[in-house]
file protein17.pdb (PDB, C-alpha atoms)
ATOM      1  CA  MET A 823       0.000   0.000   0.000
ATOM      2  CA  ASP A 824       1.307   3.430  -0.995
ATOM      3  CA  LEU A 825       1.832   5.364   2.237
ATOM      4  CA  GLU A 826       1.755   8.714   0.405
ATOM      5  CA  ALA A 827      -1.704   7.830  -0.898
ATOM      6  CA  VAL A 828      -2.756   6.903   2.654
ATOM      7  CA  ARG A 829      -1.318  10.189   3.954
ATOM      8  CA  THR A 830      -3.229  12.071   1.249
ATOM      9  CA  PHE A 831      -6.473  10.281   2.122
ATOM     10  CA  VAL A 832      -6.087  11.284   5.787
ATOM     11  CA  ALA A 833      -5.310  14.883   4.799
ATOM     12  CA  VAL A 834      -8.465  15.098   2.644
ATOM     13  CA  ALA A 835     -10.578  13.537   5.404
ATOM     14  CA  ASP A 836      -9.249  16.047   7.935
ATOM     15  CA  ALA A 837      -9.496  19.087   5.644
ATOM     16  CA  GLY A 838     -12.831  18.150   4.079
ATOM     17  CA  GLN A 839     -11.634  19.434   0.697
ATOM     18  CA  PHE A 840      -9.210  18.239  -1.945
ATOM     19  CA  ARG A 841      -7.961  21.805  -2.469
ATOM     20  CA  GLU A 842      -7.064  22.397   1.193
ATOM     21  CA  ALA A 843      -5.406  18.986   1.423
ATOM     22  CA  ALA A 844      -3.292  19.906  -1.605
ATOM     23  CA  VAL A 845      -2.160  23.104   0.133
ATOM     24  CA  GLU A 846      -1.282  21.214   3.311
ATOM     25  CA  LEU A 847       0.677  18.585   1.400
ATOM     26  CA  ALA A 848       2.324  21.150  -0.907
ATOM     27  CA  VAL A 849       1.179  19.332  -4.054
ATOM     28  CA  THR A 850      -1.324  20.115  -6.781
ATOM     29  CA  GLN A 851      -5.006  19.340  -6.413
ATOM     30  CA  GLN A 852      -4.669  17.032  -9.414
ATOM     31  CA  ALA A 853      -1.981  15.053  -7.561
ATOM     32  CA  VAL A 854      -4.309  14.694  -4.561
ATOM     33  CA  SER A 855      -7.098  13.385  -6.797
ATOM     34  CA  LYS A 856      -4.755  10.891  -8.481
ATOM     35  CA  ARG A 857      -3.453   9.565  -5.150
ATOM     36  CA  VAL A 858      -6.927   9.097  -3.717
ATOM     37  CA  ALA A 859      -8.114   7.418  -6.941
ATOM     38  CA  ALA A 860      -5.133   5.037  -6.840
ATOM     39  CA  LEU A 861      -5.884   4.135  -3.219
ATOM     40  CA  GLU A 862      -9.550   3.522  -4.088
ATOM     41  CA  ARG A 863      -8.484   1.180  -6.891
ATOM     42  CA  HIS A 864      -6.140  -0.643  -4.521
ATOM     43  CA  LEU A 865      -8.869  -1.099  -1.913
ATOM     44  CA  GLY A 866     -11.704  -1.671  -4.402
ATOM     45  CA  VAL A 867     -14.037   0.843  -2.711
ATOM     46  CA  ARG A 868     -14.938   4.519  -2.912
ATOM     47  CA  LEU A 869     -13.492   6.541  -0.048
ATOM     48  CA  PHE A 870     -15.143   9.961  -0.609
ATOM     49  CA  THR A 871     -18.406  11.397  -1.798
ATOM     50  CA  ARG A 872     -18.025  14.806  -3.405
ATOM     51  CA  THR A 873     -20.609  17.381  -2.280
ATOM     52  CA  PRO A 874     -20.964  21.138  -2.825
ATOM     53  CA  ARG A 875     -19.318  21.590   0.592
ATOM     54  CA  GLY A 876     -16.342  19.385  -0.238
ATOM     55  CA  ALA A 877     -15.340  15.750   0.210
ATOM     56  CA  VAL A 878     -17.148  13.560   2.749
ATOM     57  CA  PRO A 879     -15.814  10.082   3.625
ATOM     58  CA  THR A 880     -18.103   7.262   2.557
ATOM     59  CA  ILE A 881     -18.994   4.471   4.978
ATOM     60  CA  ASP A 882     -15.950   2.588   3.696
ATOM     61  CA  GLY A 883     -13.849   5.727   4.052
ATOM     62  CA  GLN A 884     -14.986   6.145   7.663
ATOM     63  CA  ALA A 885     -14.143   2.500   8.370
ATOM     64  CA  PHE A 886     -10.693   2.850   6.797
ATOM     65  CA  LEU A 887      -9.787   6.197   8.415
ATOM     66  CA  PRO A 888      -8.649   4.975  11.895
ATOM     67  CA  HIS A 889      -6.577   2.228  10.294
ATOM     68  CA  ALA A 890      -5.034   4.746   7.911
ATOM     69  CA  ARG A 891      -4.014   6.917  10.860
ATOM     70  CA  GLU A 892      -2.483   3.888  12.576
ATOM     71  CA  LEU A 893      -0.579   2.991   9.391
ATOM     72  CA  LEU A 894       0.989   6.447   9.402
ATOM     73  CA  ARG A 895       1.837   6.207  13.099
ATOM     74  CA  VAL A 896       3.491   2.810  12.584
ATOM     75  CA  ALA A 897       5.452   4.166   9.621
ATOM     76  CA  GLU A 898       6.684   7.072  11.734
ATOM     77  CA  ARG A 899       7.736   4.760  14.564
ATOM     78  CA  ALA A 900       9.508   2.476  12.104
ATOM     79  CA  THR A 901      11.416   5.428  10.641
ATOM     80  CA  ALA A 902      12.282   6.796  14.082
ATOM     81  CA  SER A 903      13.652   3.398  15.157
ATOM     82  CA  VAL A 904      16.524   3.727  12.668
ATOM     83  CA  ARG A 905      16.870   7.495  12.377
ATOM     84  CA  ALA A 906      20.066   8.739  13.995
ATOM     85  CA  GLY A 907      19.297  10.600  17.174
ATOM     86  CA  ARG A 908      15.748   9.225  17.378
ATOM     87  CA  ARG A 909      16.598   5.769  18.712
ATOM     88  CA  PRO A 910      18.632   4.557  21.685
ATOM     89  CA  LEU A 911      22.391   4.255  21.396
ATOM     90  CA  ARG A 912      23.063   0.496  21.385
ATOM     91  CA  VAL A 913      26.319  -0.466  23.109
ATOM     92  CA  ASP A 914      27.796  -3.911  23.761
ATOM     93  CA  ILE A 915      29.722  -4.636  26.964
ATOM     94  CA  ILE A 916      31.339  -7.914  28.034
ATOM     95  CA  ALA A 917      29.917  -8.131  31.573
ATOM     96  CA  SER A 918      27.510  -6.169  33.744
ATOM     97  CA  ARG A 919      30.024  -5.870  36.627
ATOM     98  CA  GLY A 920      33.054  -5.067  34.475
ATOM     99  CA  ALA A 921      34.927  -1.900  33.633
ATOM    100  CA  ALA A 922      32.957  -1.224  30.434
ATOM    101  CA  ALA A 923      29.729  -1.190  32.430
ATOM    102  CA  GLY A 924      31.319   1.395  34.730
ATOM    103  CA  LEU A 925      32.316   3.520  31.736
ATOM    104  CA  MET A 926      28.749   3.450  30.430
ATOM    105  CA  ARG A 927      27.317   4.334  33.851
ATOM    106  CA  ALA A 928      29.646   7.341  34.002
ATOM    107  CA  PHE A 929      28.580   8.371  30.488
ATOM    108  CA  HIS A 930      24.916   8.060  31.460
ATOM    109  CA  ARG A 931      25.447  10.253  34.521
ATOM    110  CA  THR A 932      27.115  12.880  32.332
ATOM    111  CA  HIS A 933      24.546  12.583  29.493
ATOM    112  CA  PRO A 934      21.255  11.580  31.162
ATOM    113  CA  ASP A 935      19.344  12.744  28.072
ATOM    114  CA  VAL A 936      20.901  10.019  25.879
ATOM    115  CA  GLU A 937      18.719   6.928  25.757
ATOM    116  CA  LEU A 938      20.816   3.760  25.980
ATOM    117  CA  ASP A 939      20.379   0.088  25.154
ATOM    118  CA  VAL A 940      23.180  -1.929  26.775
ATOM    119  CA  LEU A 941      23.631  -5.566  25.787
ATOM    120  CA  MET A 942      26.231  -8.286  26.204
ATOM    121  CA  LEU A 943      27.537 -10.261  23.230
ATOM    122  CA  LEU A 944      29.816 -13.233  23.764
ATOM    123  CA  ASP A 945      32.692 -12.874  21.320
ATOM    124  CA  ILE A 946      34.375 -10.246  19.218
ATOM    125  CA  GLU A 947      33.334 -11.779  15.890
ATOM    126  CA  THR A 948      29.675 -11.463  16.892
ATOM    127  CA  ALA A 949      30.260  -7.903  18.086
ATOM    128  CA  VAL A 950      32.061  -6.847  14.893
ATOM    129  CA  ASP A 951      29.336  -8.396  12.719
ATOM    130  CA  ALA A 952      26.707  -6.533  14.753
ATOM    131  CA  ILE A 953      28.602  -3.264  14.308
ATOM    132  CA  ARG A 954      28.877  -3.751  10.556
ATOM    133  CA  SER A 955      25.211  -4.709  10.162
ATOM    134  CA  GLY A 956      24.014  -1.756  12.243
ATOM    135  CA  GLU A 957      22.557  -3.983  14.979
ATOM    136  CA  ILE A 958      24.694  -2.151  17.541
ATOM    137  CA  ASP A 959      26.476   1.196  17.496
ATOM    138  CA  ALA A 960      29.575   0.338  19.527
ATOM    139  CA  SER A 961      31.304  -2.382  21.510
ATOM    140  CA  PHE A 962      33.916  -2.492  24.257
ATOM    141  CA  ARG A 963      36.599  -5.068  23.439
ATOM    142  CA  ALA A 964      40.311  -5.712  23.802
ATOM    143  CA  VAL A 965      40.275  -5.456  19.979
ATOM    144  CA  THR A 966      41.612  -8.614  18.334
ATOM    145  CA  ALA A 967      43.941 -11.482  18.886
ATOM    146  CA  PRO A 968      46.878 -12.051  16.516
ATOM    147  CA  GLY A 969      45.882 -12.962  12.973
ATOM    148  CA  ARG A 970      42.393 -11.433  13.232
ATOM    149  CA  PRO A 971      42.634  -7.789  12.166
ATOM    150  CA  LEU A 972      39.545  -5.594  12.258
ATOM    151  CA  PRO A 973      37.689  -4.942   8.980
ATOM    152  CA  GLU A 974      38.608  -1.649   7.313
ATOM    153  CA  ASP A 975      35.194  -0.113   8.058
ATOM    154  CA  VAL A 976      35.442  -0.735  11.825
ATOM    155  CA  ARG A 977      37.369   1.754  13.943
ATOM    156  CA  ALA A 978      38.896   1.185  17.384
ATOM    157  CA  VAL A 979      40.420   3.431  20.012
ATOM    158  CA  ARG A 980      41.874   2.436  23.370
ATOM    159  CA  VAL A 981      39.837   4.025  26.152
ATOM    160  CA  LEU A 982      40.813   2.318  29.415
ATOM    161  CA  ASP A 983      43.777   0.350  30.766
ATOM    162  CA  GLU A 984      42.340  -1.726  33.608
ATOM    163  CA  PRO A 985      45.010  -3.011  36.035
ATOM    164  CA  LEU A 986      44.826  -6.668  37.018
ATOM    165  CA  GLN A 987      44.609  -7.532  40.700
ATOM    166  CA  LEU A 988      45.248 -10.855  42.400
ATOM    167  CA  LEU A 989      42.300 -12.082  44.442
ATOM    168  CA  THR A 990      43.117 -14.527  47.252
ATOM    169  CA  GLY A 991      41.516 -16.061  50.290
ATOM    170  CA  PRO A 992      42.754 -15.227  53.807
ATOM    171  CA  ALA A 993      44.939 -18.353  54.056
ATOM    172  CA  HIS A 994      46.740 -17.932  50.743
ATOM    173  CA  ALA A 995      50.545 -17.551  50.895
ATOM    174  CA  LEU A 996      50.289 -14.058  49.326
ATOM    175  CA  ALA A 997      47.257 -12.863  51.318
ATOM    176  CA  GLY A 998      49.347 -10.477  53.410
ATOM    177  CA  ALA A 999      51.249  -8.893  50.527
ATOM    178  CA  ARG A1000      50.701  -5.203  49.775
ATOM    179  CA  SER A1001      51.532  -5.897  46.120
ATOM    180  CA  VAL A1002      52.966  -8.682  44.021
ATOM    181  CA  SER A1003      54.964  -8.752  40.786
ATOM    182  CA  PRO A1004      54.216 -11.064  37.865
ATOM    183  CA  ALA A1005      57.525 -12.822  38.617
ATOM    184  CA  GLY A1006      56.324 -13.361  42.183
ATOM    185  CA  LEU A1007      53.287 -15.257  40.879
ATOM    186  CA  VAL A1008      55.349 -17.949  39.168
ATOM    187  CA  GLY A1009      54.503 -21.325  40.723
ATOM    188  CA  HIS A1010      51.189 -20.180  42.181
ATOM    189  CA  ARG A1011      47.940 -21.665  40.857
ATOM    190  CA  ILE A1012      45.687 -19.034  39.333
ATOM    191  CA  TRP A1013      42.208 -20.401  38.678
ATOM    192  CA  MET A1014      40.000 -18.725  36.063
ATOM    193  CA  PRO A1015      37.054 -20.913  35.011
ATOM    194  CA  GLY A1016      34.993 -19.646  32.124
ATOM    195  CA  ILE A1017      37.772 -18.504  29.789
ATOM    196  CA  VAL A1018      36.285 -19.176  26.357
ATOM    197  CA  PRO A1019      38.813 -20.540  23.832
ATOM    198  CA  GLY A1020      39.229 -18.158  20.911
ATOM    199  CA  SER A1021      37.904 -15.129  22.802
ATOM    200  CA  GLU A1022      39.915 -11.943  23.122
ATOM    201  CA  TRP A1023      40.293 -12.427  26.882
ATOM    202  CA  ALA A1024      41.591 -15.979  26.288
ATOM    203  CA  ALA A1025      44.177 -14.528  23.891
ATOM    204  CA  TYR A1026      45.095 -11.924  26.526
ATOM    205  CA  TYR A1027      45.734 -14.507  29.238
ATOM    206  CA  ASP A1028      47.583 -16.816  26.825
ATOM    207  CA  ASP A1029      50.013 -13.975  26.145
ATOM    208  CA  LEU A1030      50.249 -13.155  29.853
ATOM    209  CA  VAL A1031      51.200 -16.771  30.621
ATOM    210  CA  ALA A1032      53.749 -16.829  27.812
ATOM    211  CA  GLU A1033      55.324 -13.535  28.883
ATOM    212  CA  PHE A1034      55.718 -14.221  32.605
ATOM    213  CA  GLY A1035      55.653 -18.037  32.907
ATOM    214  CA  LEU A1036      52.474 -18.091  34.987
ATOM    215  CA  THR A1037      50.140 -21.004  35.606
ATOM    216  CA  ILE A1038      46.520 -20.222  34.791
ATOM    217  CA  GLU A1039      43.979 -23.030  35.090
ATOM    218  CA  ALA A1040      40.641 -22.711  33.295
ATOM    219  CA  THR A1041      39.371 -26.134  34.359
ATOM    220  CA  GLY A1042      35.920 -26.867  35.725
ATOM    221  CA  PRO A1043      32.498 -25.418  34.986
ATOM    222  CA  ASN A1044      31.861 -21.709  35.340
ATOM    223  CA  PHE A1045      29.123 -21.263  37.938
ATOM    224  CA  GLY A1046      29.520 -17.493  38.038
ATOM    225  CA  SER A1047      31.365 -14.993  40.201
ATOM    226  CA  ASP A1048      29.701 -15.983  43.504
ATOM    227  CA  ALA A1049      30.849 -19.597  43.165
ATOM    228  CA  LEU A1050      34.332 -18.424  42.153
ATOM    229  CA  LEU A1051      34.596 -16.206  45.244
ATOM    230  CA  ASP A1052      33.405 -19.040  47.491
ATOM    231  CA  THR A1053      36.086 -21.377  46.102
ATOM    232  CA  ILE A1054      38.888 -18.804  46.352
ATOM    233  CA  ALA A1055      37.923 -18.022  49.956
ATOM    234  CA  ASP A1056      37.961 -21.700  50.961
ATOM    235  CA  THR A1057      41.016 -22.915  48.994
ATOM    236  CA  PRO A1058      44.411 -21.618  50.207
ATOM    237  CA  ALA A1059      46.232 -22.968  47.146
ATOM    238  CA  LEU A1060      44.118 -21.001  44.625
ATOM    239  CA  ALA A1061      44.016 -17.363  43.553
ATOM    240  CA  THR A1062      42.411 -15.631  40.605
ATOM    241  CA  PHE A1063      42.778 -12.442  38.585
ATOM    242  CA  MET A1064      40.230  -9.645  38.722
ATOM    243  CA  GLY A1065      40.113  -6.300  36.984
ATOM    244  CA  ALA A1066      40.621  -3.378  39.347
ATOM    245  CA  HIS A1067      37.339  -1.837  38.140
ATOM    246  CA  THR A1068      35.293  -5.035  38.429
ATOM    247  CA  ARG A1069      32.559  -4.585  41.034
ATOM    248  CA  LEU A1070      32.459  -7.494  43.493
ATOM    249  CA  VAL A1071      30.580  -8.077  46.747
ATOM    250  CA  TRP A1072      31.231 -11.033  49.026
ATOM    251  CA  PRO A1073      30.279 -12.115  52.581
ATOM    252  CA  ALA A1074      32.396 -10.538  55.296
ATOM    253  CA  ASP A1075      33.580 -13.920  56.588
ATOM    254  CA  HIS A1076      35.208 -14.730  53.216
ATOM    255  CA  GLY A1077      38.137 -12.488  54.122
ATOM    256  CA  LEU A1078      39.158 -12.064  50.479
ATOM    257  CA  ARG A1079      42.148  -9.876  49.529
ATOM    258  CA  ARG A1080      42.526  -7.778  46.365
ATOM    259  CA  ILE A1081      46.265  -7.365  45.814
ATOM    260  CA  PRO A1082      47.721  -4.997  43.167
ATOM    261  CA  VAL A1083      50.071  -6.558  40.602
ATOM    262  CA  THR A1084      53.048  -4.303  39.873
ATOM    263  CA  GLY A1085      56.457  -4.280  38.241
ATOM    264  CA  PRO A1086      55.054  -4.264  35.573
ATOM    265  CA  THR A1087      51.298  -3.994  36.001
ATOM    266  CA  PRO A1088      49.391  -6.137  33.497
ATOM    267  CA  VAL A1089      46.488  -4.056  32.235
ATOM    268  CA  TYR A1090      43.498  -5.156  30.207
ATOM    269  CA  PRO A1091      43.281  -2.766  27.220
ATOM    270  CA  HIS A1092      39.610  -1.893  26.788
ATOM    271  CA  SER A1093      38.901  -0.314  23.389
ATOM    272  CA  LEU A1094      35.758   1.149  21.880
ATOM    273  CA  LEU A1095      34.808  -0.247  18.459
ATOM    274  CA  TRP A1096      32.372   1.430  16.045
ATOM    275  CA  HIS A1097      31.570   1.641  12.339
ATOM    276  CA  ARG A1098      33.311   4.492  10.570
ATOM    277  CA  ASP A1099      30.057   5.622   8.877
ATOM    278  CA  ASN A1100      27.768   5.433  11.922
ATOM    279  CA  PRO A1101      25.960   8.824  12.101
ATOM    280  CA  HIS A1102      24.313   8.489  15.539
ATOM    281  CA  PRO A1103      24.997  11.805  17.324
ATOM    282  CA  ALA A1104      25.162  10.093  20.718
ATOM    283  CA  LEU A1105      28.039   7.959  19.452
ATOM    284  CA  ALA A1106      30.064  11.120  18.892
ATOM    285  CA  ALA A1107      29.215  12.211  22.438
ATOM    286  CA  LEU A1108      30.295   8.826  23.815
ATOM    287  CA  ARG A1109      33.587   8.953  21.933
ATOM    288  CA  ALA A1110      34.296  12.473  23.216
ATOM    289  CA  HIS A1111      33.455  11.418  26.777
ATOM    290  CA  LEU A1112      35.785   8.409  26.597
ATOM    291  CA  ALA A1113      38.547  10.423  24.934
ATOM    292  CA  ALA A1114      38.526  12.809  27.888
ATOM    293  CA  ALA A1115      38.610   9.905  30.349
ATOM    294  CA  ALA A1116      41.505   8.259  28.468
ATOM    295  CA  ALA A1117      43.607  11.422  28.206
ATOM    296  CA  GLY A1118      45.986  10.203  30.921
ATOM    297  CA  LEU A1119      46.864   6.855  29.369
ATOM    298  CA  ASP A1120      50.608   6.575  28.808
ATOM    299  CA  GLY A1121      51.443   2.891  29.355
ATOM    300  CA  ALA A1122      54.361   3.575  31.703
ATOM    301  CA  GLY A1123      55.041   0.614  33.970
ATOM    302  CA  THR A1124      52.343  -1.523  32.394
ATOM    303  CA  TRP A1125      52.162  -4.591  30.171
ATOM    304  CA  VAL A1126      49.696  -5.397  27.372
ATOM    305  CA  PRO A1127      49.852  -7.929  24.515
ATOM    306  CA  GLY A1128      51.531  -6.717  21.369
ATOM    307  CA  TRP A1129      48.260  -6.919  19.451
ATOM    308  CA  ALA A1130      46.429  -4.436  21.679
ATOM    309  CA  ALA A1131      45.277  -1.189  20.064
ATOM    310  CA  PRO A1132      47.796   1.663  20.443
ATOM    311  CA  HIS A1133      47.127   4.512  22.855
ATOM    312  CA  PRO A1134      45.145   7.397  21.329
ATOM    313  CA  THR A1135      48.249   9.581  21.393
ATOM    314  CA  ALA A1136      50.464   6.945  19.732
TER     315      ALA A1136
END

call {"tool": "encode", "arguments": {"input": "protein17.pdb", "output": "structure tokens"}}
result
Amino acid sequence: MDLEAVRTFVAVADAGQFREAAVELAVTQQAVSKRVAALERHLGVRLFTRTPRGAVPTIDGQAFLPHARELLRVAERATASVRAGRRPLRVDIIASRGAAAGLMRAFHRTHPDVELDVLMLLDIETAVDAIRSGEIDASFRAVTAPGRPLPEDVRAVRVLDEPLQLLTGPAHALAGARSVSPAGLVGHRIWMPGIVPGSEWAAYYDDLVAEFGLTIEATGPNFGSDALLDTIADTPALATFMGAHTRLVWPADHGLRRIPVTGPTPVYPHSLLWHRDNPHPALAALRAHLAAAAAGLDGAGTWVPGWAAPHPTA
């Protein structure tokens, strides 16, 4: 059904005259007559009766009028759903308690007028495909592992270096340390269930192990962060890595310790990915907000894999 013909029908019904509808629509009266005639042929009924006072909807016209108005409303909503600035900014984060979620909360506090849809996609391939198809506007990732460069139409900029911390129970050999170096972790069992093979965080920890000779175990099912914290609290021989910006809450009797890793500090290089041609105005605002937050990144005293995105100033 021709929506312009439907729009013209509604305009004539509201104005009561073909001439006034033509003025409202900025077309000729002949064009109005042709559109209405085409719609009548499509529907197989007459929509107006012409009288000396103007055009009066027939019984069929009266029956069709509320549906015609709804058609126009649906068309407007459909257009608004994809029109830049008229739909929510759709952003992918890895986890609801992670650093990217904190970045988006800070952005929302600074720009409360920007409507947001926040979702969590599993892997970078899915995220990049969603960016390229327009399903999402941006994604927070560590960019790519070796051998998997980003497509030319996807841009990335490093926005946050999140320091790793060692999380131990109260009886762990390092529980009393104020900090620990990567070299000081050699020989200790670091348990991280849930690392997905082929993911960017798996590639990150593979490189971390190779660089510093660490032992990271990803064995066992991943029952979530609460089960991980319970196990770490009760097992003196195990520790795990956590991002410094990851929000965690545990029972007071767990006695868990978050210990900074220094000399160097391994940091997880969060980057923002987006399509180079994405026109959403809120995306520009998000990029500006993150650029200001990342202004202090310099990489001194830190370690990242060689495939991480360069600093914005590099």

call {"tool": "residues_around", "arguments": {"input": "protein17.pdb", "residues": "Asp836 (chain A)", "least_positions_apart": "6", "cutoff": "12 Å", "atoms": "all atoms listed in the file", "output": "PyMOL selection string"}}
result
chain A and resi 829-830+842-844+846+876-879+883-884+887-888+891

call {"tool": "closest_residue", "arguments": {"input": "protein17.pdb", "among": "A:Leu996, A:Ala921, A:Leu986, A:Val940", "to": "Val1008 (chain A)", "atoms": "only C-alpha atoms"}}
result
A:Leu996

call {"tool": "resolve_selection", "arguments": {"input": "protein17.pdb", "expression": "the PyMOL selection byres ((chain A and resi 1034) around 8)", "output": "list in words"}}
result
Pro1004, Ala1005, Val1008, Leu1030, Val1031, Ala1032, Glu1033, Gly1035 and Leu1036 of chain A

call {"tool": "resolve_selection", "arguments": {"input": "protein17.pdb", "expression": "the PyMOL selection byres ((chain A and resi 858-873) around 10)", "output": "PyMOL selection string"}}
result
chain A and resi 823-832+834-835+838-840+853-857+874-887

call {"tool": "closest_residue", "arguments": {"input": "protein17.pdb", "among": "A:Leu1070, A:Leu1078, A:Val979, A:Leu1095", "to": "Phe962 (chain A)", "atoms": "all atoms listed in the file"}}
result
A:Leu1095
